[in-house]
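Shown below: run.tsv, with TSV, C-alpha atoms.
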```tsv
chain	number	residue	atom	x	y	z
G	59	MET	CA	101.17	95.92	117.89
G	60	LYS	CA	99.25	97.73	115.21
G	61	LEU	CA	95.55	98.22	114.68
G	62	THR	CA	94.11	99.30	111.35
G	63	ARG	CA	90.68	100.71	110.76
G	64	ARG	CA	89.14	101.18	107.31
G	65	TYR	CA	86.93	104.12	106.29
G	66	ARG	CA	85.31	105.25	103.06
G	67	PHE	CA	84.60	108.58	101.46
G	68	SER	CA	83.52	109.69	98.02
G	69	ALA	CA	84.81	112.86	96.41
G	70	SER	CA	85.45	114.49	93.08
G	71	HIS	CA	88.62	116.10	91.81
G	72	ARG	CA	90.44	117.35	88.74
G	73	LEU	CA	94.19	117.16	88.31
G	74	ASP	CA	95.50	120.39	86.80
G	75	THR	CA	98.44	122.56	87.77
G	76	PRO	CA	98.70	126.24	86.89
G	77	GLN	CA	102.44	125.74	86.50
G	78	LEU	CA	101.92	123.93	83.20
G	79	SER	CA	100.13	124.87	79.98
G	80	ALA	CA	96.72	123.42	79.12
G	81	GLU	CA	98.36	121.07	76.63
G	82	GLU	CA	101.03	119.99	79.12
G	83	ASN	CA	98.35	119.33	81.75
G	84	ARG	CA	96.45	117.17	79.27
G	85	GLN	CA	99.60	115.26	78.43
G	86	LEU	CA	100.58	114.76	82.05
G	87	TYR	CA	97.27	113.97	83.72
G	88	GLY	CA	95.33	112.44	80.82
G	89	LYS	CA	91.68	111.75	81.68
G	90	CYS	CA	92.26	113.13	85.18
G	91	ASN	CA	92.59	116.55	83.52
G	92	ASN	CA	89.12	116.48	81.92
G	93	PRO	CA	87.72	119.96	82.57
G	94	TYR	CA	84.71	119.20	84.79
G	95	GLY	CA	86.42	116.71	87.08
G	96	HIS	CA	85.41	113.20	88.08
G	97	GLY	CA	85.03	111.22	91.29
G	98	HIS	CA	86.21	108.21	93.26
G	99	ASP	CA	85.10	106.06	96.16
G	100	TYR	CA	88.21	106.37	98.26
G	101	ILE	CA	89.14	103.85	100.94
G	102	LEU	CA	91.20	105.22	103.81
G	103	GLU	CA	93.05	102.92	106.21
G	104	VAL	CA	94.40	104.44	109.40
G	105	THR	CA	96.98	102.37	111.30
G	106	VAL	CA	97.86	103.11	114.92
G	107	GLU	CA	100.68	101.52	116.89
G	108	GLY	CA	101.13	100.87	120.59
G	109	ALA	CA	100.47	98.38	123.34
G	110	PRO	CA	96.99	97.36	124.54
G	111	ASP	CA	95.82	99.26	127.63
G	112	SER	CA	94.34	97.66	130.74
G	113	TYR	CA	91.08	97.20	128.80
G	114	GLY	CA	92.87	95.09	126.19
G	115	GLN	CA	92.58	97.83	123.58
G	116	LEU	CA	95.33	99.55	121.68
G	117	VAL	CA	92.89	102.33	120.89
G	118	ASN	CA	89.32	103.10	121.83
G	119	ARG	CA	87.35	102.51	118.62
G	120	GLU	CA	84.88	105.30	119.24
G	121	ALA	CA	87.68	107.78	119.93
G	122	LEU	CA	89.49	106.83	116.71
G	123	ASP	CA	86.31	106.81	114.62
G	124	GLY	CA	85.28	110.15	116.10
G	125	LEU	CA	88.65	111.72	115.36
G	126	VAL	CA	88.81	110.43	111.78
G	127	THR	CA	85.20	111.43	111.14
G	128	ASP	CA	85.68	114.89	112.57
G	129	ARG	CA	89.11	115.67	111.11
G	130	VAL	CA	88.87	113.90	107.76
G	131	LEU	CA	85.64	112.27	106.62
G	132	ARG	CA	83.36	115.19	107.40
G	133	ARG	CA	85.67	117.50	105.43
G	134	LEU	CA	86.14	115.23	102.40
G	135	ASP	CA	83.08	113.05	101.95
G	136	HIS	CA	80.85	114.15	99.07
G	137	ARG	CA	83.06	117.16	98.41
G	138	ASN	CA	84.95	118.57	95.48
G	139	LEU	CA	88.58	118.30	96.53
G	140	ASN	CA	89.61	121.24	94.34
G	141	LEU	CA	86.97	123.66	95.61
G	142	ASP	CA	85.60	122.56	98.97
G	143	VAL	CA	88.57	121.49	101.07
G	144	ALA	CA	90.65	124.17	102.77
G	145	GLU	CA	93.42	121.69	103.56
G	146	LEU	CA	93.98	121.16	99.84
G	147	ALA	CA	93.83	124.82	98.75
G	148	GLY	CA	96.58	125.57	96.27
G	149	VAL	CA	97.72	121.98	95.71
G	150	VAL	CA	96.82	119.50	92.99
G	151	PRO	CA	94.53	116.95	94.65
G	152	THR	CA	96.50	113.89	93.67
G	153	THR	CA	96.09	111.03	96.12
G	154	GLU	CA	99.71	111.63	97.19
G	155	ASN	CA	98.84	115.19	98.24
G	156	LEU	CA	95.57	113.96	99.70
G	157	ALA	CA	97.41	111.42	101.89
G	158	ALA	CA	99.74	114.14	103.17
G	159	ALA	CA	96.77	116.42	103.92
G	160	VAL	CA	94.99	113.60	105.76
G	161	GLU	CA	98.10	112.98	107.84
G	162	ARG	CA	98.35	116.68	108.75
G	163	ALA	CA	94.64	116.83	109.58
G	164	LEU	CA	94.87	113.79	111.86
G	165	LEU	CA	98.07	114.84	113.61
G	166	GLY	CA	96.68	118.35	114.06
G	167	GLY	CA	93.95	117.01	116.32
G	168	TRP	CA	95.53	113.80	117.59
G	169	THR	CA	94.26	113.10	121.10
G	170	ILE	CA	94.84	109.35	121.16
G	171	PRO	CA	97.53	107.69	123.31
G	172	ALA	CA	98.56	105.28	120.53
G	173	ARG	CA	100.90	106.59	117.81
G	174	LEU	CA	99.67	107.25	114.29
G	175	SER	CA	101.70	104.77	112.24
G	176	LYS	CA	100.41	104.75	108.67
G	177	ILE	CA	97.85	106.11	106.26
G	178	ARG	CA	96.82	104.10	103.22
G	179	ILE	CA	94.44	105.50	100.64
G	180	SER	CA	93.13	103.71	97.60
G	181	GLU	CA	91.62	105.93	94.96
G	182	MET	CA	90.33	102.81	93.24
G	183	ASP	CA	91.26	99.14	93.48
G	184	ARG	CA	94.37	99.48	91.37
G	185	ASN	CA	95.84	102.71	92.77
G	186	ILE	CA	97.02	102.58	96.36
G	187	PHE	CA	99.11	105.15	98.26
G	188	GLU	CA	100.81	104.60	101.62
G	189	LEU	CA	102.36	107.12	103.94
G	190	GLU	CA	104.37	106.02	106.98
G	191	THR	CA	104.01	108.64	109.68
G	192	LYS	CA	107.27	109.99	111.05
G	193	THR	CA	106.37	110.78	114.63
G	194	ALA	CA	107.98	109.52	117.81
C	140	MET	CA	111.09	85.60	102.34
C	141	PHE	CA	107.61	85.69	103.84
C	142	LEU	CA	104.88	83.12	103.46
C	143	THR	CA	101.31	83.88	104.55
C	144	ARG	CA	98.50	81.42	105.09
C	145	LYS	CA	94.92	82.55	105.55
C	146	ALA	CA	92.26	80.84	107.66
C	147	GLU	CA	88.78	81.76	108.84
C	148	PHE	CA	86.78	81.08	111.93
C	149	SER	CA	83.46	82.35	113.22
C	150	ALA	CA	82.93	83.01	116.89
C	151	SER	CA	80.92	85.08	119.31
C	152	HIS	CA	82.19	87.22	122.14
C	153	VAL	CA	81.39	89.93	124.66
C	154	CYS	CA	83.92	92.66	125.39
C	155	ALA	CA	83.25	93.71	128.93
C	156	ASN	CA	85.20	93.67	132.16
C	157	SER	CA	83.25	92.29	135.10
C	158	SER	CA	84.98	94.71	137.48
C	159	LEU	CA	83.50	97.69	135.59
C	160	SER	CA	79.97	99.07	135.64
C	161	PRO	CA	77.74	98.48	132.61
C	162	GLU	CA	78.00	102.20	131.80
C	163	ARG	CA	81.79	102.14	131.94
C	164	ASN	CA	81.93	98.97	129.82
C	165	HIS	CA	79.72	100.60	127.23
C	166	ALA	CA	81.94	103.68	127.18
C	167	VAL	CA	85.05	101.57	126.65
C	168	TYR	CA	83.75	98.83	124.36
C	169	GLY	CA	80.63	100.31	122.76
C	170	ALA	CA	78.20	97.78	121.31
C	171	ASN	CA	80.84	95.10	121.85
C	172	ALA	CA	79.80	95.14	125.52
C	173	ASN	CA	76.21	94.05	124.83
C	174	PRO	CA	75.79	91.34	127.46
C	175	HIS	CA	74.61	88.36	125.42
C	176	GLY	CA	77.35	88.54	122.84
C	177	HIS	CA	77.57	88.89	119.09
C	178	GLY	CA	79.70	87.25	116.43
C	179	HIS	CA	82.26	87.85	113.74
C	180	ASN	CA	83.69	85.99	110.77
C	181	TYR	CA	87.31	86.36	111.77
C	182	VAL	CA	89.97	86.14	109.09
C	183	LEU	CA	93.43	85.15	110.25
C	184	GLU	CA	96.60	85.70	108.22
C	185	VAL	CA	99.67	83.99	109.63
C	186	THR	CA	103.04	85.01	108.18
C	187	VAL	CA	106.15	82.86	108.50
C	188	ALA	CA	109.62	84.16	107.63
C	189	GLY	CA	112.46	82.04	106.27
C	190	GLU	CA	114.49	81.01	103.28
C	191	PRO	CA	113.32	78.33	100.86
C	192	ASP	CA	114.74	74.91	101.71
C	193	PRO	CA	117.36	74.02	99.06
C	194	VAL	CA	115.78	70.60	98.53
C	195	THR	CA	112.05	71.28	98.74
C	196	GLY	CA	112.07	74.90	97.57
C	197	MET	CA	109.65	75.72	100.37
C	198	VAL	CA	109.92	78.13	103.31
C	199	PHE	CA	107.41	76.00	105.21
C	200	ASP	CA	105.24	73.07	104.23
C	201	LEU	CA	101.83	74.63	103.62
C	202	ARG	CA	100.02	71.41	104.48
C	203	GLU	CA	101.79	71.32	107.82
C	204	LEU	CA	101.03	75.03	108.37
C	205	LYS	CA	97.36	74.45	107.60
C	206	GLU	CA	97.31	71.56	110.07
C	207	ILE	CA	98.94	73.64	112.83
C	208	LEU	CA	96.44	76.47	112.28
C	209	ASN	CA	93.57	74.00	112.37
C	210	GLN	CA	94.73	72.30	115.56
C	211	GLN	CA	95.81	75.36	117.52
C	212	VAL	CA	93.27	77.95	116.43
C	213	ILE	CA	90.45	76.91	114.12
C	214	GLU	CA	89.32	73.74	115.92
C	215	PRO	CA	89.27	75.30	119.39
C	216	MET	CA	87.75	78.64	118.33
C	217	ASP	CA	85.48	78.06	115.33
C	218	HIS	CA	81.77	78.29	116.18
C	219	ARG	CA	82.48	78.92	119.85
C	220	PHE	CA	81.53	81.59	122.35
C	221	LEU	CA	85.03	82.80	123.20
C	222	ASN	CA	84.20	84.04	126.71
C	223	ARG	CA	82.60	80.75	127.74
C	224	GLU	CA	84.48	78.12	125.79
C	225	VAL	CA	88.00	79.30	124.96
C	226	PRO	CA	90.42	79.99	127.81
C	227	PRO	CA	91.89	82.46	128.74
C	228	PHE	CA	88.90	84.50	127.60
C	229	ASP	CA	86.93	83.42	130.65
C	230	HIS	CA	89.01	86.04	132.50
C	231	ILE	CA	90.66	88.10	129.71
C	232	VAL	CA	88.51	90.37	127.55
C	233	PRO	CA	88.48	88.92	124.00
C	234	THR	CA	89.27	92.14	122.17
C	235	THR	CA	90.82	91.68	118.73
C	236	GLU	CA	94.13	92.73	120.28
C	237	ASN	CA	93.99	90.07	122.99
C	238	LEU	CA	92.77	87.46	120.52
C	239	ALA	CA	95.73	88.16	118.21
C	240	ILE	CA	98.13	87.86	121.16
C	241	GLU	CA	96.54	84.56	122.22
C	242	ILE	CA	96.76	83.19	118.67
C	243	TRP	CA	100.43	84.22	118.53
C	244	ASN	CA	101.09	82.49	121.85
C	245	ARG	CA	99.37	79.31	120.67
C	246	LEU	CA	101.24	79.20	117.37
C	247	ARG	CA	104.69	80.28	118.54
C	248	PRO	CA	105.76	76.90	120.03
C	249	HIS	CA	104.91	75.21	116.71
C	250	LEU	CA	106.29	77.75	114.26
C	251	ASP	CA	109.93	78.78	114.64
C	252	GLY	CA	109.69	81.31	111.83
C	253	LEU	CA	106.43	82.90	113.00
C	254	TYR	CA	106.66	86.56	111.96
C	255	ASN	CA	103.23	88.17	112.12
C	256	VAL	CA	99.66	87.42	113.06
C	257	ARG	CA	97.06	89.57	111.33
C	258	LEU	CA	93.54	89.15	112.60
C	259	TYR	CA	90.56	90.76	110.87
C	260	GLU	CA	87.55	91.14	113.12
C	261	THR	CA	85.68	92.65	110.18
C	262	ALA	CA	86.88	93.86	106.80
C	263	ASP	CA	87.15	97.31	108.41
C	264	LEU	CA	89.20	96.45	111.49
C	265	PHE	CA	92.31	94.36	111.85
C	266	VAL	CA	95.26	93.95	114.20
C	267	ASP	CA	98.87	93.01	113.45
C	268	TYR	CA	100.94	91.40	116.19
C	269	GLY	CA	104.57	90.39	115.81
C	270	GLY	CA	105.15	88.98	119.26
C	271	ARG	CA	106.10	92.16	121.06
C	272	HIS	CA	105.00	95.70	121.58
C	273	PRO	CA	106.85	98.82	120.42
C	274	GLY	CA	109.86	99.44	122.60
C	275	GLU	CA	110.05	95.83	123.79
C	276	LYS	CA	113.23	93.95	123.01
C	277	PRO	CA	112.86	91.02	120.57
```
Starting from the file, give its structure as structure tokens.
Amino acid sequence: MKLTRRYRFSASHRLDTPQLSAEENRQLYGKCNNPYGHGHDYILEVTVEGAPDSYGQLVNREALDGLVTDRVLRRLDHRNLNLDVAELAGVVPTTENLAAAVERALLGGWTIPARLSKIRISEMDRNIFELETKTA
Amino acid sequence: MFLTRKAEFSASHVCANSSLSPERNHAVYGANANPHGHGHNYVLEVTVAGEPDPVTGMVFDLRELKEILNQQVIEPMDHRFLNREVPPFDHIVPTTENLAIEIWNRLRPHLDGLYNVRLYETADLFVDYGGRHPGEKP
């Protein structure tokens, strides 16, 4: 059985890699390369997998919400992903890299009996990124 | 091929175990343990697996599926207090997990190709149940 919980955070970012020239960055990232950055209302879905416990719950909601708030939302919400987030230092804050950083942040403090199964982040309605977690 | 039909029902519930203290129930279930209940607009997505019938071109007759969902789930649960009116929730805590399992168990005898039950308690919380837990044999 899987349980999915949805969270929201808002953040700004700019896509630009020092490994390419200014012109190449503009070509590659388009508007996402505009110099002062821009923002999104991200939606994060966290899916956990396991069997319900004797209380009929696969996961305690408060424990999951607390973990996600502490490990992810507090660090990302109303932040500049390029400048404010240690977990993203040195990487281009694409939503792919963001999903991987969220996975690492969650697994780094995972105290929940159920297994982390999947992370799904939408940057906006039309762009959705999913990461299946490879843990036993 | 998968076919999914959506249905909605609204119901109230209390998530609390009578063998636990009020404090313990609140620790486990949070505001869901408030004694007089509260409600949700549940959204149910039932997925059936199969191949399209060579004559009809359909995996499952959607009218029949709608009727099964109505009879087995919507009629008995819509606008009800689950703990008081819908067995087995007189003695099983109607968490979203247990509700998804109960819906699976009610539908399974009527739907050979039943593949997944997804139950949204709110837009921000849903459960998927495919008839068994991880590690269980099919």
Inset, instruction - Can you pull out every residue within 9 Å of C:Ala155, counting all atoms listed in the file, but drop anything in the same chain fewer than 3 positions away, and send it as number ranges by chain? - result: G: 113; C: 158-159, 161, 164-165, 167-168, 171-174, 232-233
Inset, instruction - Have a look at atom CA of C:His177 and atom CA of G:Tyr100 and let me know their distance in Å, one decimal. - result: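 If I compute the distance from atom CA of C:His177 to atom CA of G:Tyr100, I get 29.2 Å.
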As a PDB file with C-alpha atoms, in the frame of the given file, could you give me every residue of chain G near chain C (at most 12 Å apart, counting only C-alpha atoms)?
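Final output, saved to out24.pdb:
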```pdb
ATOM      1  CA  MET G  59     101.170  95.920 117.890  1.00  0.00           C
ATOM      2  CA  LYS G  60      99.250  97.730 115.210  1.00  0.00           C
ATOM      3  CA  LEU G  61      95.550  98.220 114.680  1.00  0.00           C
ATOM      4  CA  THR G  62      94.110  99.300 111.350  1.00  0.00           C
ATOM      5  CA  ARG G  63      90.680 100.710 110.760  1.00  0.00           C
ATOM      6  CA  ARG G  64      89.140 101.180 107.310  1.00  0.00           C
ATOM      7  CA  TYR G  65      86.930 104.120 106.290  1.00  0.00           C
ATOM      8  CA  ARG G  66      85.310 105.250 103.060  1.00  0.00           C
ATOM      9  CA  ILE G 101      89.140 103.850 100.940  1.00  0.00           C
ATOM     10  CA  LEU G 102      91.200 105.220 103.810  1.00  0.00           C
ATOM     11  CA  GLU G 103      93.050 102.920 106.210  1.00  0.00           C
ATOM     12  CA  VAL G 104      94.400 104.440 109.400  1.00  0.00           C
ATOM     13  CA  THR G 105      96.980 102.370 111.300  1.00  0.00           C
ATOM     14  CA  VAL G 106      97.860 103.110 114.920  1.00  0.00           C
ATOM     15  CA  GLU G 107     100.680 101.520 116.890  1.00  0.00           C
ATOM     16  CA  GLY G 108     101.130 100.870 120.590  1.00  0.00           C
ATOM     17  CA  ALA G 109     100.470  98.380 123.340  1.00  0.00           C
ATOM     18  CA  PRO G 110      96.990  97.360 124.540  1.00  0.00           C
ATOM     19  CA  ASP G 111      95.820  99.260 127.630  1.00  0.00           C
ATOM     20  CA  SER G 112      94.340  97.660 130.740  1.00  0.00           C
ATOM     21  CA  TYR G 113      91.080  97.200 128.800  1.00  0.00           C
ATOM     22  CA  GLY G 114      92.870  95.090 126.190  1.00  0.00           C
ATOM     23  CA  GLN G 115      92.580  97.830 123.580  1.00  0.00           C
ATOM     24  CA  LEU G 116      95.330  99.550 121.680  1.00  0.00           C
ATOM     25  CA  VAL G 117      92.890 102.330 120.890  1.00  0.00           C
ATOM     26  CA  ASN G 118      89.320 103.100 121.830  1.00  0.00           C
ATOM     27  CA  ARG G 119      87.350 102.510 118.620  1.00  0.00           C
ATOM     28  CA  GLU G 120      84.880 105.300 119.240  1.00  0.00           C
ATOM     29  CA  ALA G 121      87.680 107.780 119.930  1.00  0.00           C
ATOM     30  CA  LEU G 122      89.490 106.830 116.710  1.00  0.00           C
ATOM     31  CA  ASP G 123      86.310 106.810 114.620  1.00  0.00           C
ATOM     32  CA  ALA G 172      98.560 105.280 120.530  1.00  0.00           C
ATOM     33  CA  ARG G 173     100.900 106.590 117.810  1.00  0.00           C
ATOM     34  CA  SER G 175     101.700 104.770 112.240  1.00  0.00           C
ATOM     35  CA  ALA G 194     107.980 109.520 117.810  1.00  0.00           C
TER      36      ALA G 194
END
```
Inset, instruction - Give me, please, the distance in Å between atom CA of G:Leu134 and atom CA of G:Thr153, quoted to one decimal. - result: 12.5 Å
Legend entry - d(atom CA of G:Leu73, atom CA of G:Asn155) in Å: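 Between atom CA of G:Leu73 and atom CA of G:Asn155 the gap is 11.1 Å.
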Inset, instruction - Excluding stretch 190-196 of chain C and any residue of its chain fewer than 2 positions from it, enumerate the residues within 12 Å of it, using only C-alpha atoms, and give them as a ChimeraX atom specification. - result: /C:140-142,187-188,198-201,252
Since the input lacks some atoms of stretch 194-226 of chain C, please model N, CA and C atoms and print them as a compact mmCIF listing (two decimals), in the frame of the given file.
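Final output, saved to selection.txt:
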```
# COMPACT_ATOMS: atom_id res chain seq x y z
N VAL C 194 116.30 71.83 99.14
CA VAL C 194 115.78 70.60 98.53
C VAL C 194 114.33 70.76 98.10
N THR C 195 113.49 71.23 99.03
CA THR C 195 112.05 71.28 98.74
C THR C 195 111.64 72.56 98.02
N GLY C 196 112.45 73.61 98.15
CA GLY C 196 112.07 74.90 97.57
C GLY C 196 110.99 75.61 98.36
N MET C 197 110.74 75.13 99.58
CA MET C 197 109.65 75.72 100.37
C MET C 197 110.19 76.36 101.65
N VAL C 198 109.59 77.51 102.03
CA VAL C 198 109.92 78.13 103.31
C VAL C 198 109.31 77.29 104.44
N PHE C 199 108.11 76.82 104.21
CA PHE C 199 107.41 76.00 105.21
C PHE C 199 106.40 75.16 104.46
N ASP C 200 106.21 73.95 104.89
CA ASP C 200 105.24 73.07 104.23
C ASP C 200 103.82 73.59 104.49
N LEU C 201 103.15 74.01 103.44
CA LEU C 201 101.83 74.63 103.62
C LEU C 201 100.80 73.66 104.20
N ARG C 202 100.96 72.37 103.89
CA ARG C 202 100.02 71.41 104.48
C ARG C 202 100.20 71.34 105.99
N GLU C 203 101.49 71.36 106.40
CA GLU C 203 101.79 71.32 107.82
C GLU C 203 101.28 72.61 108.50
N LEU C 204 101.49 73.75 107.81
CA LEU C 204 101.03 75.03 108.37
C LEU C 204 99.51 75.02 108.54
N LYS C 205 98.82 74.53 107.52
CA LYS C 205 97.36 74.45 107.60
C LYS C 205 96.93 73.59 108.79
N GLU C 206 97.64 72.47 108.99
CA GLU C 206 97.31 71.56 110.07
C GLU C 206 97.53 72.22 111.44
N ILE C 207 98.65 72.95 111.56
CA ILE C 207 98.94 73.64 112.83
C ILE C 207 97.86 74.68 113.11
N LEU C 208 97.49 75.45 112.09
CA LEU C 208 96.44 76.47 112.28
C LEU C 208 95.13 75.81 112.69
N ASN C 209 94.81 74.70 112.03
CA ASN C 209 93.57 74.00 112.37
C ASN C 209 93.57 73.54 113.82
N GLN C 210 94.68 72.89 114.22
CA GLN C 210 94.73 72.30 115.56
C GLN C 210 94.76 73.36 116.66
N GLN C 211 95.57 74.40 116.45
CA GLN C 211 95.81 75.36 117.52
C GLN C 211 94.76 76.46 117.58
N VAL C 212 94.15 76.79 116.45
CA VAL C 212 93.27 77.95 116.43
C VAL C 212 91.85 77.62 115.94
N ILE C 213 91.77 77.05 114.75
CA ILE C 213 90.45 76.91 114.12
C ILE C 213 89.58 75.93 114.91
N GLU C 214 90.11 74.74 115.19
CA GLU C 214 89.32 73.74 115.92
C GLU C 214 88.84 74.27 117.26
N PRO C 215 89.74 74.84 118.08
CA PRO C 215 89.27 75.30 119.39
C PRO C 215 88.37 76.53 119.34
N MET C 216 88.46 77.36 118.29
CA MET C 216 87.75 78.64 118.33
C MET C 216 86.55 78.72 117.39
N ASP C 217 86.53 77.91 116.34
CA ASP C 217 85.48 78.06 115.33
C ASP C 217 84.12 77.65 115.89
N HIS C 218 83.13 78.52 115.70
CA HIS C 218 81.77 78.29 116.18
C HIS C 218 81.72 78.09 117.69
N ARG C 219 82.48 78.93 118.38
CA ARG C 219 82.48 78.92 119.85
C ARG C 219 82.14 80.30 120.36
N PHE C 220 81.69 80.33 121.62
CA PHE C 220 81.53 81.59 122.35
C PHE C 220 82.83 81.78 123.12
N LEU C 221 83.66 82.71 122.69
CA LEU C 221 85.03 82.80 123.20
C LEU C 221 85.06 82.96 124.73
N ASN C 222 84.17 83.79 125.28
CA ASN C 222 84.20 84.04 126.71
C ASN C 222 83.89 82.78 127.53
N ARG C 223 83.05 81.92 126.98
CA ARG C 223 82.60 80.75 127.74
C ARG C 223 83.43 79.50 127.45
N GLU C 224 83.96 79.42 126.22
CA GLU C 224 84.48 78.12 125.79
C GLU C 224 85.96 78.10 125.49
N VAL C 225 86.59 79.27 125.40
CA VAL C 225 88.00 79.30 124.96
C VAL C 225 88.85 80.05 125.98
N PRO C 226 89.51 79.32 126.89
CA PRO C 226 90.42 79.99 127.81
C PRO C 226 91.56 80.66 127.02
```
